[in-house]
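J.: Just so it is clear, I am handing over query30.txt, which has compact mmCIF, C-alpha atoms.
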```
# COMPACT_ATOMS: atom_id res chain seq x y z
CA MET A 17 0.00 0.00 0.00
CA TYR A 18 1.10 3.52 -0.72
CA GLY A 19 2.24 5.62 2.25
CA PHE A 20 2.54 9.40 2.38
CA LYS A 21 5.57 11.29 3.59
CA GLN A 22 5.15 13.17 6.86
CA GLU A 23 4.64 16.53 5.13
CA THR A 24 1.98 15.13 2.80
CA GLN A 25 0.16 13.45 5.68
CA ALA A 26 0.09 16.79 7.52
CA LEU A 27 -1.65 18.34 4.50
CA VAL A 28 -4.19 15.51 4.48
CA GLU A 29 -4.94 16.07 8.16
CA LEU A 30 -5.35 19.80 7.55
CA VAL A 31 -7.89 19.18 4.77
CA ARG A 32 -9.69 16.65 6.95
CA ARG A 33 -10.15 19.25 9.70
CA ILE A 34 -11.46 21.90 7.30
CA VAL A 35 -13.88 19.41 5.76
CA LYS A 36 -15.12 18.38 9.20
CA ASP A 37 -15.64 21.97 10.34
CA HIS A 38 -17.08 23.50 7.17
CA GLN A 39 -18.10 20.89 4.62
CA ALA A 40 -19.68 18.20 6.80
CA PRO A 41 -22.54 20.54 7.84
CA LEU A 42 -23.12 21.32 4.14
CA GLU A 43 -23.28 17.61 3.34
CA ALA A 44 -25.90 17.13 6.06
CA ARG A 45 -27.95 19.97 4.59
CA ARG A 46 -27.72 18.54 1.09
CA LEU A 47 -28.81 15.12 2.34
CA ARG A 48 -31.84 16.82 3.87
CA GLY A 49 -32.72 18.05 0.39
CA GLU A 50 -31.54 21.66 0.70
CA LYS A 51 -30.21 23.40 -2.39
CA LEU A 52 -26.78 24.87 -1.72
CA THR A 53 -25.38 27.99 -3.36
CA SER A 54 -21.82 29.13 -4.01
CA ALA A 55 -22.12 31.39 -0.96
CA ASP A 56 -22.55 28.32 1.24
CA PHE A 57 -19.13 27.07 0.12
CA GLN A 58 -17.34 30.36 0.73
CA PRO A 59 -16.47 29.80 4.44
CA GLY A 60 -14.68 26.53 3.66
CA ARG A 61 -12.94 28.14 0.70
CA GLU A 62 -11.72 31.02 2.87
CA ALA A 63 -10.64 28.67 5.67
CA ALA A 64 -8.55 26.73 3.18
CA ARG A 65 -7.05 29.94 1.83
CA LYS A 66 -6.05 31.13 5.29
CA CYS A 67 -4.26 27.81 5.80
CA GLY A 68 -2.29 28.26 2.60
CA LEU A 69 -4.45 26.05 0.40
CA TRP A 70 -4.97 28.54 -2.41
CA GLY A 71 -3.77 27.99 -5.93
CA LEU A 72 -2.62 24.44 -5.18
CA SER A 73 -0.37 24.37 -8.26
CA LEU A 74 0.15 28.14 -8.50
CA PRO A 75 3.72 29.46 -8.01
CA ARG A 76 4.43 31.01 -4.63
CA ASN A 77 5.43 34.32 -6.19
CA LEU A 78 1.81 34.62 -7.40
CA GLY A 79 0.38 33.73 -3.99
CA GLY A 80 -0.11 30.01 -4.58
CA ALA A 81 0.76 26.93 -2.56
CA GLU A 82 2.93 25.48 -5.37
CA LEU A 83 2.34 21.91 -4.23
CA CYS A 84 3.99 19.03 -6.03
CA LEU A 85 1.60 16.68 -7.83
CA VAL A 86 1.69 14.03 -5.11
CA ASP A 87 0.62 16.60 -2.51
CA ARG A 88 -2.09 18.06 -4.76
CA LEU A 89 -3.59 14.65 -5.41
CA ALA A 90 -3.48 13.79 -1.70
CA VAL A 91 -5.39 17.01 -0.94
CA ILE A 92 -7.95 16.28 -3.66
CA GLU A 93 -8.42 12.66 -2.57
CA GLU A 94 -9.11 13.61 1.04
CA ASN A 95 -11.34 16.53 0.07
CA ARG A 96 -13.52 14.45 -2.27
CA LYS A 97 -14.48 12.03 0.47
CA SER A 98 -17.09 14.67 1.19
CA LEU A 99 -20.26 14.97 -0.88
CA THR A 100 -19.80 18.76 -0.61
CA PRO A 101 -16.03 19.22 -0.96
CA ILE A 102 -14.06 22.43 -0.50
CA ARG A 103 -14.06 24.55 -3.63
CA PHE A 104 -10.41 25.51 -3.79
CA GLY A 105 -9.57 28.61 -5.80
CA GLY A 106 -6.58 30.22 -7.43
CA ASP A 107 -5.44 27.61 -9.94
CA ALA A 108 -5.05 29.09 -13.41
CA LEU A 109 -4.30 27.72 -16.86
CA PRO A 110 -0.54 27.66 -17.44
CA ASP A 111 -0.94 30.09 -20.36
CA LEU A 112 -2.40 32.71 -17.99
CA LEU A 113 0.70 32.68 -15.82
CA HIS A 114 2.74 34.23 -18.62
CA LEU A 115 0.46 37.21 -19.19
CA GLU A 116 1.91 40.68 -18.81
CA GLY A 117 0.76 44.28 -18.72
CA GLU A 118 -2.85 44.99 -19.59
CA GLN A 119 -3.66 41.31 -20.23
CA LYS A 120 -2.39 40.35 -16.80
CA ALA A 121 -4.34 43.15 -15.13
CA ARG A 122 -7.52 42.21 -16.98
CA TYR A 123 -7.49 38.42 -16.73
CA LEU A 124 -4.94 37.01 -14.29
CA ASP A 125 -4.94 39.43 -11.35
CA PRO A 126 -8.74 39.40 -10.77
CA PHE A 127 -8.77 35.63 -10.97
CA LEU A 128 -5.97 35.22 -8.44
CA SER A 129 -7.67 37.62 -6.04
CA ASP A 130 -10.91 35.62 -6.35
CA ALA A 131 -12.70 38.61 -7.86
CA THR A 132 -13.68 36.71 -11.01
CA ALA A 133 -14.44 33.10 -11.93
CA ILE A 134 -13.88 31.43 -15.29
CA CYS A 135 -15.10 28.43 -17.29
CA PHE A 136 -13.88 26.69 -20.44
CA ALA A 137 -15.58 26.05 -23.77
CA LEU A 138 -13.68 23.48 -25.82
CA THR A 139 -16.11 20.68 -26.72
CA GLU A 140 -18.50 21.06 -29.66
CA PRO A 141 -21.66 19.22 -30.74
CA SER A 142 -19.74 17.81 -33.74
CA GLY A 143 -17.57 15.64 -31.50
CA GLY A 144 -16.12 16.15 -28.05
CA SER A 145 -13.52 13.38 -28.08
CA ASP A 146 -11.53 14.75 -31.03
CA PRO A 147 -11.41 18.54 -30.68
CA ALA A 148 -8.25 18.89 -32.78
CA ARG A 149 -10.20 17.89 -35.90
CA ASN A 150 -13.78 18.65 -34.88
CA THR A 151 -13.47 22.26 -33.74
CA SER A 152 -15.62 24.22 -36.18
CA THR A 153 -15.92 27.42 -34.15
CA ARG A 154 -14.09 30.11 -36.11
CA ALA A 155 -12.41 33.37 -35.17
CA LYS A 156 -11.49 35.88 -37.86
CA ARG A 157 -9.99 39.31 -37.69
CA ASP A 158 -12.23 42.32 -38.15
CA GLY A 159 -10.06 45.40 -38.02
CA ARG A 160 -8.34 45.39 -34.65
CA ASP A 161 -10.90 42.94 -33.19
CA TRP A 162 -11.86 39.30 -33.61
CA LEU A 163 -15.28 37.93 -34.55
CA ILE A 164 -16.09 34.46 -33.21
CA ASN A 165 -18.84 32.23 -34.64
CA GLY A 166 -19.73 28.71 -33.60
CA SER A 167 -21.24 26.50 -30.92
CA LYS A 168 -19.87 24.88 -27.77
CA LEU A 169 -21.39 22.15 -25.59
CA TRP A 170 -20.93 20.67 -22.11
CA VAL A 171 -19.60 23.92 -20.65
CA SER A 172 -19.29 23.35 -16.90
CA ASP A 173 -19.55 26.04 -14.21
CA TYR A 174 -21.01 28.61 -16.61
CA ASP A 175 -23.57 29.85 -14.07
CA GLU A 176 -20.89 30.94 -11.62
CA ALA A 177 -18.36 32.19 -14.19
CA ASP A 178 -17.72 35.78 -15.22
CA ARG A 179 -15.64 34.89 -18.28
CA VAL A 180 -15.51 32.05 -20.77
CA PHE A 181 -12.33 30.75 -22.35
CA VAL A 182 -13.34 29.84 -25.89
CA PHE A 183 -11.20 27.72 -28.20
CA ALA A 184 -11.67 28.69 -31.85
CA ARG A 185 -9.99 27.91 -35.15
CA ILE A 186 -8.23 30.86 -36.81
CA ALA A 187 -7.21 29.19 -40.09
CA ASN A 188 -8.92 27.07 -42.73
CA GLU A 189 -7.18 23.86 -41.75
CA ASN A 190 -8.22 21.07 -39.40
CA THR A 191 -5.06 20.87 -37.33
CA ASP A 192 -4.43 21.46 -33.67
CA SER A 193 -2.00 24.27 -34.55
CA SER A 194 -4.84 26.38 -35.97
CA ILE A 195 -6.75 26.71 -32.66
CA SER A 196 -6.39 29.75 -30.41
CA THR A 197 -7.82 30.76 -27.04
CA PHE A 198 -10.09 33.78 -26.58
CA VAL A 199 -11.69 35.22 -23.45
CA VAL A 200 -15.36 36.19 -23.81
CA GLU A 201 -17.18 38.17 -21.13
CA LYS A 202 -20.54 36.67 -20.15
CA GLY A 203 -22.27 39.95 -20.95
CA ASN A 204 -21.05 39.93 -24.54
CA PRO A 205 -24.12 40.38 -26.82
CA GLY A 206 -22.73 37.80 -29.23
CA LEU A 207 -22.79 35.05 -26.58
CA ILE A 208 -26.02 33.07 -26.07
CA ALA A 209 -26.27 30.33 -23.43
CA ARG A 210 -28.71 27.44 -23.04
CA ALA A 211 -28.87 25.40 -19.84
CA VAL A 212 -28.68 21.61 -20.20
CA PRO A 213 -29.74 19.55 -17.14
CA MET A 214 -27.70 16.42 -16.44
CA LEU A 215 -27.39 13.49 -14.06
CA GLY A 216 -26.98 14.23 -10.38
CA GLY A 217 -28.71 17.59 -10.54
CA TYR A 218 -25.85 19.14 -12.49
CA THR A 219 -26.49 21.82 -15.07
CA THR A 220 -24.15 22.31 -18.00
CA HIS A 221 -24.53 24.75 -20.89
CA GLN A 222 -24.49 25.00 -24.63
CA LEU A 223 -23.07 28.25 -25.97
CA ILE A 224 -23.86 29.89 -29.29
CA LEU A 225 -21.43 32.54 -30.54
CA GLU A 226 -22.84 34.81 -33.25
CA ASP A 227 -20.44 37.50 -34.45
CA CYS A 228 -19.11 37.57 -30.91
CA ARG A 229 -16.69 40.50 -30.94
CA VAL A 230 -13.60 40.58 -28.70
CA ASP A 231 -10.52 42.78 -28.83
CA GLU A 232 -6.93 41.72 -29.45
CA ILE A 233 -6.16 41.59 -25.74
CA ALA A 234 -8.78 38.86 -25.36
CA ARG A 235 -6.62 36.42 -27.35
CA ILE A 236 -4.50 34.46 -24.88
CA GLY A 237 -1.09 33.17 -25.88
CA ALA A 238 0.34 32.84 -29.36
CA GLU A 239 -1.89 32.30 -32.37
CA GLY A 240 -2.51 28.60 -32.86
CA ALA A 241 -1.26 27.62 -29.38
CA GLY A 242 -4.68 27.19 -27.79
CA PHE A 243 -5.07 23.45 -28.30
CA LYS A 244 -1.64 22.70 -26.85
CA GLY A 245 -2.53 24.70 -23.76
CA ALA A 246 -5.83 22.87 -23.44
CA GLN A 247 -4.10 19.49 -23.70
CA ASN A 248 -1.64 20.43 -20.96
CA ALA A 249 -4.54 21.41 -18.74
CA LEU A 250 -6.37 18.16 -19.55
CA ASN A 251 -3.37 16.13 -18.43
CA ALA A 252 -3.51 17.72 -14.97
CA THR A 253 -7.30 17.39 -14.89
CA ARG A 254 -7.10 13.65 -15.58
CA PHE A 255 -4.88 13.18 -12.55
CA ALA A 256 -7.30 15.29 -10.50
CA ASN A 257 -10.24 13.20 -11.71
CA ALA A 258 -8.46 10.03 -10.64
CA ALA A 259 -7.77 11.43 -7.17
CA ALA A 260 -11.38 12.59 -6.78
CA THR A 261 -12.75 9.14 -7.64
CA LEU A 262 -10.29 7.52 -5.23
CA GLY A 263 -11.57 9.73 -2.42
CA ILE A 264 -15.18 8.86 -3.25
CA ALA A 265 -14.37 5.15 -3.49
CA GLN A 266 -12.60 5.22 -0.12
CA ARG A 267 -15.59 6.90 1.55
CA CYS A 268 -17.93 4.32 -0.01
CA TYR A 269 -15.67 1.53 1.22
CA ASP A 270 -15.64 2.97 4.76
CA MET A 271 -19.42 3.23 4.68
CA MET A 272 -19.94 -0.34 3.50
CA VAL A 273 -17.62 -1.75 6.18
CA GLU A 274 -19.30 0.23 8.95
CA TYR A 275 -22.79 -0.73 7.77
CA ALA A 276 -21.92 -4.40 7.34
CA LYS A 277 -20.50 -4.61 10.87
CA GLY A 278 -23.55 -2.99 12.46
CA ARG A 279 -26.32 -4.68 10.47
CA VAL A 280 -27.72 -7.91 11.97
CA LEU A 281 -29.24 -10.38 9.53
CA PHE A 282 -30.24 -14.06 9.90
CA GLY A 283 -28.83 -14.24 13.40
CA GLY A 284 -25.48 -12.62 12.74
CA ALA A 285 -23.68 -9.53 11.49
CA LEU A 286 -23.99 -8.79 7.80
CA SER A 287 -20.19 -8.70 7.71
CA ASP A 288 -20.11 -12.43 8.55
CA LYS A 289 -21.73 -13.29 5.23
CA GLN A 290 -19.27 -14.49 2.61
CA ALA A 291 -20.93 -12.64 -0.27
CA ILE A 292 -20.60 -9.37 1.66
CA GLN A 293 -16.98 -10.08 2.53
CA SER A 294 -16.27 -10.70 -1.16
CA MET A 295 -17.62 -7.27 -2.14
CA ILE A 296 -15.67 -5.57 0.64
CA VAL A 297 -12.40 -7.31 -0.23
CA ASP A 298 -12.79 -6.66 -3.95
CA SER A 299 -13.37 -2.97 -3.27
CA TRP A 300 -10.39 -2.71 -0.92
CA ILE A 301 -8.05 -4.38 -3.42
CA GLU A 302 -9.17 -2.16 -6.30
CA ILE A 303 -8.75 1.01 -4.25
CA GLN A 304 -5.24 0.00 -3.13
CA GLN A 305 -4.19 -0.96 -6.65
CA ASN A 306 -5.37 2.31 -8.16
CA ARG A 307 -3.95 4.44 -5.35
CA LEU A 308 -0.52 2.82 -5.75
CA MET A 309 -0.61 3.35 -9.52
CA MET A 310 -1.77 6.96 -9.33
CA TYR A 311 0.80 8.12 -6.79
CA THR A 312 3.59 6.24 -8.56
CA CYS A 313 2.74 8.14 -11.75
CA ALA A 314 2.56 11.38 -9.74
CA GLU A 315 6.05 10.74 -8.35
CA LYS A 316 7.33 10.37 -11.92
CA HIS A 317 5.73 13.70 -12.81
CA ASP A 318 7.39 15.36 -9.82
CA ARG A 319 10.75 14.02 -11.02
CA GLY A 320 10.17 15.76 -14.34
CA GLU A 321 9.35 12.64 -16.34
CA GLU A 322 6.67 12.43 -19.05
CA THR A 323 3.32 11.27 -17.63
CA ARG A 324 0.77 11.75 -20.41
CA VAL A 325 0.28 7.98 -20.56
CA GLY A 326 0.20 7.72 -16.77
CA ALA A 327 -2.45 10.44 -16.48
CA SER A 328 -4.63 8.68 -19.05
CA MET A 329 -4.13 5.29 -17.43
CA THR A 330 -5.03 6.46 -13.92
CA LYS A 331 -8.03 8.45 -15.12
CA LEU A 332 -9.30 5.43 -17.05
CA THR A 333 -8.90 2.84 -14.28
CA CYS A 334 -9.96 5.04 -11.35
CA THR A 335 -13.17 6.25 -12.98
CA GLU A 336 -14.07 2.71 -14.00
CA MET A 337 -13.27 1.45 -10.50
CA VAL A 338 -15.35 3.99 -8.59
CA GLY A 339 -18.55 2.88 -10.34
CA ARG A 340 -18.02 -0.70 -9.21
CA VAL A 341 -17.28 0.33 -5.62
CA ILE A 342 -20.32 2.60 -5.41
CA ASP A 343 -22.49 -0.19 -6.80
CA ARG A 344 -21.22 -2.68 -4.19
CA ALA A 345 -21.72 -0.17 -1.39
CA ILE A 346 -25.33 0.39 -2.47
CA GLN A 347 -25.91 -3.37 -2.70
CA ILE A 348 -24.64 -3.86 0.84
CA HIS A 349 -26.78 -0.99 2.14
CA GLY A 350 -29.87 -2.24 0.33
CA GLY A 351 -32.72 0.26 0.27
CA ALA A 352 -30.79 2.60 2.56
CA GLY A 353 -28.24 3.07 -0.21
CA CYS A 354 -30.86 4.00 -2.80
CA THR A 355 -32.21 7.07 -1.03
CA TYR A 356 -30.90 10.57 -1.60
CA GLU A 357 -30.57 10.79 2.17
CA SER A 358 -27.35 8.81 1.59
CA PRO A 359 -24.27 10.09 -0.28
CA LEU A 360 -24.20 6.78 -2.17
CA ALA A 361 -27.24 7.61 -4.30
CA HIS A 362 -25.79 11.02 -5.19
CA TRP A 363 -22.47 9.50 -6.23
CA TYR A 364 -24.24 6.78 -8.20
CA ASP A 365 -25.75 9.58 -10.31
CA THR A 366 -22.74 11.83 -10.70
CA GLN A 367 -19.88 9.38 -11.11
CA ARG A 368 -21.35 7.75 -14.20
CA MET A 369 -20.24 10.89 -16.03
CA SER A 370 -16.66 10.58 -14.76
CA ARG A 371 -16.06 7.86 -17.36
CA ILE A 372 -16.85 10.39 -20.09
CA TRP A 373 -15.53 13.84 -19.18
CA VAL A 374 -11.90 14.87 -19.98
CA GLY A 375 -11.51 11.77 -22.11
CA PRO A 376 -13.95 8.85 -22.40
CA SER A 377 -12.57 5.47 -21.33
CA GLU A 378 -12.58 4.18 -24.90
CA VAL A 379 -10.62 7.14 -26.26
CA LEU A 380 -8.01 6.85 -23.53
CA LYS A 381 -7.74 3.10 -24.04
CA TYR A 382 -7.42 3.01 -27.82
CA ARG A 383 -6.15 6.46 -28.84
CA VAL A 384 -3.62 6.90 -26.03
CA LEU A 385 -2.73 3.65 -24.27
CA ALA A 386 -2.98 1.18 -27.16
CA ARG A 387 -1.10 3.54 -29.48
CA HIS A 388 1.63 3.97 -26.86
CA LEU A 389 2.00 0.26 -26.16
CA LEU A 390 2.12 -0.69 -29.82
CA THR A 391 4.62 1.95 -30.87
CA SER A 392 6.97 2.07 -27.89
CA THR A 393 8.03 0.17 -24.80
CA GLY A 394 7.64 1.01 -21.14
CA ILE A 395 5.29 3.35 -19.30
```
When written as C-alpha cells, how does the structure in this file appear?
T.:
Amino acid sequence: MYGFKQETQALVELVRRIVKDHQAPLEARRLRGEKLTSADFQPGREAARKCGLWGLSLPRNLGGAELCLVDRLAVIEENRKSLTPIRFGGDALPDLLHLEGEQKARYLDPFLSDATAICFALTEPSGGSDPARNTSTRAKRDGRDWLINGSKLWVSDYDEADRVFVFARIANENTDSSISTFVVEKGNPGLIARAVPMLGGYTTHQLILEDCRVDEIARIGAEGAGFKGAQNALNATRFANAAATLGIAQRCYDMMVEYAKGRVLFGGALSDKQAIQSMIVDSWIEIQQNRLMMYTCAEKHDRGEETRVGASMTKLTCTEMVGRVIDRAIQIHGGAGCTYESPLAHWYDTQRMSRIWVGPSEVLKYRVLARHLLTSTGI
C-alpha cells in the first residue's frame, strides 16, 4: 500500500479538519434536500485559503501553494471524500501565468484575487472526443478585433463564471495548430447560453457565438497555441479526476464496512456473510491498486518525467473502479443506499459521467494507451 511522507500526511490532516468543520454541515444539509449555493461554500474556501491552500499548483510568487503533484492529489483525494467538498480557488491555466501588462491586469490578477471566476468552452456538438479535428468554431480578424462564430457544448460552471475561455480555429485547416484561445465576457451580446440539465442535478450549458466580438487583448497566448494549452490542462485534470474518484471510493468503502458490521441479519452480522466479505475485499483491493498506480505516476511527474500515458491510465482505471465500488456499497446498504438521504445515491448519479468527461474510457484506451504500447516500450 502507498504511504505518504510526513509533510503530505500533515496536509491531508489539515484538509480533513477543514472538511469536518465547514463541509460536513453542508453535506448534512444537502442530504436533507436543501439546495446549496456558491455562498454556502465560501467559508470553507476562505478557511482553506487562510491555511495556505490557495492555488494548489500556482507558483508562490503569485500567492499560490505550489504543491507538487503528489501533494495536490493527496489534498484532492481527502477533500472528495465529502459529498460537498471544498471549492479551492486560485489555480489558473498555465498560459495565464505568462500574461503581462494589460492582459495580466484584466485576466490574471482578478482571478488570483478571487474577484472573477472562469469556465472553459472546448467541446462542440460535432464531437467532443476529437477537438483537434472537430473544432468548427471560427475566429477571424475584423479590423483590430476578432469575430467568433460557432457553438460549444458541455460547458461546466457557466452559471458561476464571469468569463468564458473559448477555443476557436483561426485558419482554414483542421489541425491542432490552428486553434487559439479567446476570453469572452458573459455579458457579450454575441454570446447566447442554453442550460442543459444532467445526471446528479448538475447543469451544463451549450453556448452559441454569433459575431461575438472581442478585442486583441482577449486572445491568450500565441496564435494557434490554444489546443496545446488545453491538452496540458487536460493532463492535470485527468490526474485530479483520478484522485477525486479515489476519495469517493474510499468513503464508499468505509461506509460499507461500517454498515456491514452494524447490520444484523439471519442471526449474525452482515459482515459475517461471505458474499458481503467478497464485495468488501474486492473494493479494498481495487482502491489499493489504483492508489498505488496513481501516486507512482505522480512521483514520476514530480521528477520531471513524461506522464501523459500515466495520467490517461489512472483516469481510465480510477473512474471505472469507482462505479463498481459505489455499486457494491449500495448493494450492501440495500434500500438505505438507494435514497438521496445517503451520499451513495448522489455519487451513483454523478460518477457515471466521470467515465466520459476529460476523455472517455474508450478514447483513452485506444487512442492513447494502445497507441503507446504498440509503438513504444515502457510506461
J.: Give me the residues within 10 Å of range 265-282 of chain A as a PyMOL selection string, counting all atoms listed in the file and dropping any in the same chain fewer than 2 places off.
T.: chain A and resi 93-94+96-99+259-263+284-289+292-293+295-297+299-300+302-304+334-335+337-349+353+359-360+363
J.: Can you tell me which residues surround range 66-80 of chain A at a distance of at most 6 Å, considering only C-alpha atoms, apart from same-chain residues fewer than 3 positions away, and format the answer as a list in words?
T.: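 The filter keeps Ala63, Leu83, Gly105, Gly106 and Asp107 of chain A.
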J.: Interatomic distance between CA of Arg103 in chain A and CA of Thr219 in chain A?
T.: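 Distance reported for this atom pair: 17.1 Å.
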J.: From the set A:Leu112, A:Ala211, A:Ala137, A:Met310, which residue has the shortest atom-to-atom contact distance to Asp175 in chain A, counting all atoms listed in the file?
T.: A:Ala211
J.: Go through A:Leu215, A:Leu85, A:Ala314, A:Ala108 and flag the residue nearest Pro126 in chain A, using only C-alpha atoms for the distances.
T.: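 With only C-alpha atoms as the atom set, the closest residue is A:Ala108.
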J.: Would you pick out the contacts of Leu163 in chain A at 8 Å or less, using only C-alpha atoms, so that residues sharing its chain but fewer than 3 positions from it are not included, and give the list as a compact mmCIF listing (two decimals) with C-alpha atoms, keeping the file's coordinate frame?
T.:
```txt
# COMPACT_ATOMS: atom_id res chain seq x y z
CA ALA A 155 -12.41 33.37 -35.17
CA LYS A 156 -11.49 35.88 -37.86
CA ARG A 157 -9.99 39.31 -37.69
CA ASP A 158 -12.23 42.32 -38.15
CA ASP A 227 -20.44 37.50 -34.45
CA CYS A 228 -19.11 37.57 -30.91
CA ARG A 229 -16.69 40.50 -30.94
CA VAL A 230 -13.60 40.58 -28.70
```
J.: Please provide the set of residues having any atom within 12 Å of Pro213 in chain A, restricted to all atoms listed in the file, with same-chain residues fewer than 5 positions apart removed, written as a PyMOL selection string.
T.: chain A and resi 170-172+218-222
J.: At what distance in Å, to one decimal, does CA of Phe57 in chain A lie from CA of Ile34 in chain A?
T.: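 CA of Phe57 in chain A lies at a distance of 11.7 Å from CA of Ile34 in chain A.
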J.: Restricting the calculation to only C-alpha atoms: of A:Val86, A:Ala249, A:Ile186, A:Asp37, which residue gets closest to Gln25 in chain A?
T.: A:Val86
J.: Just how far from CA of Leu390 in chain A is CA of Gln305 in chain A, in Å to one decimal?
T.: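 It comes out at 24.0 Å.
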J.: Find the residue from A:Val374, A:Ile195, A:Leu169, A:Leu89 that sits nearest to Ile208 in chain A; use all atoms listed in the file when measuring.
T.: A:Leu169
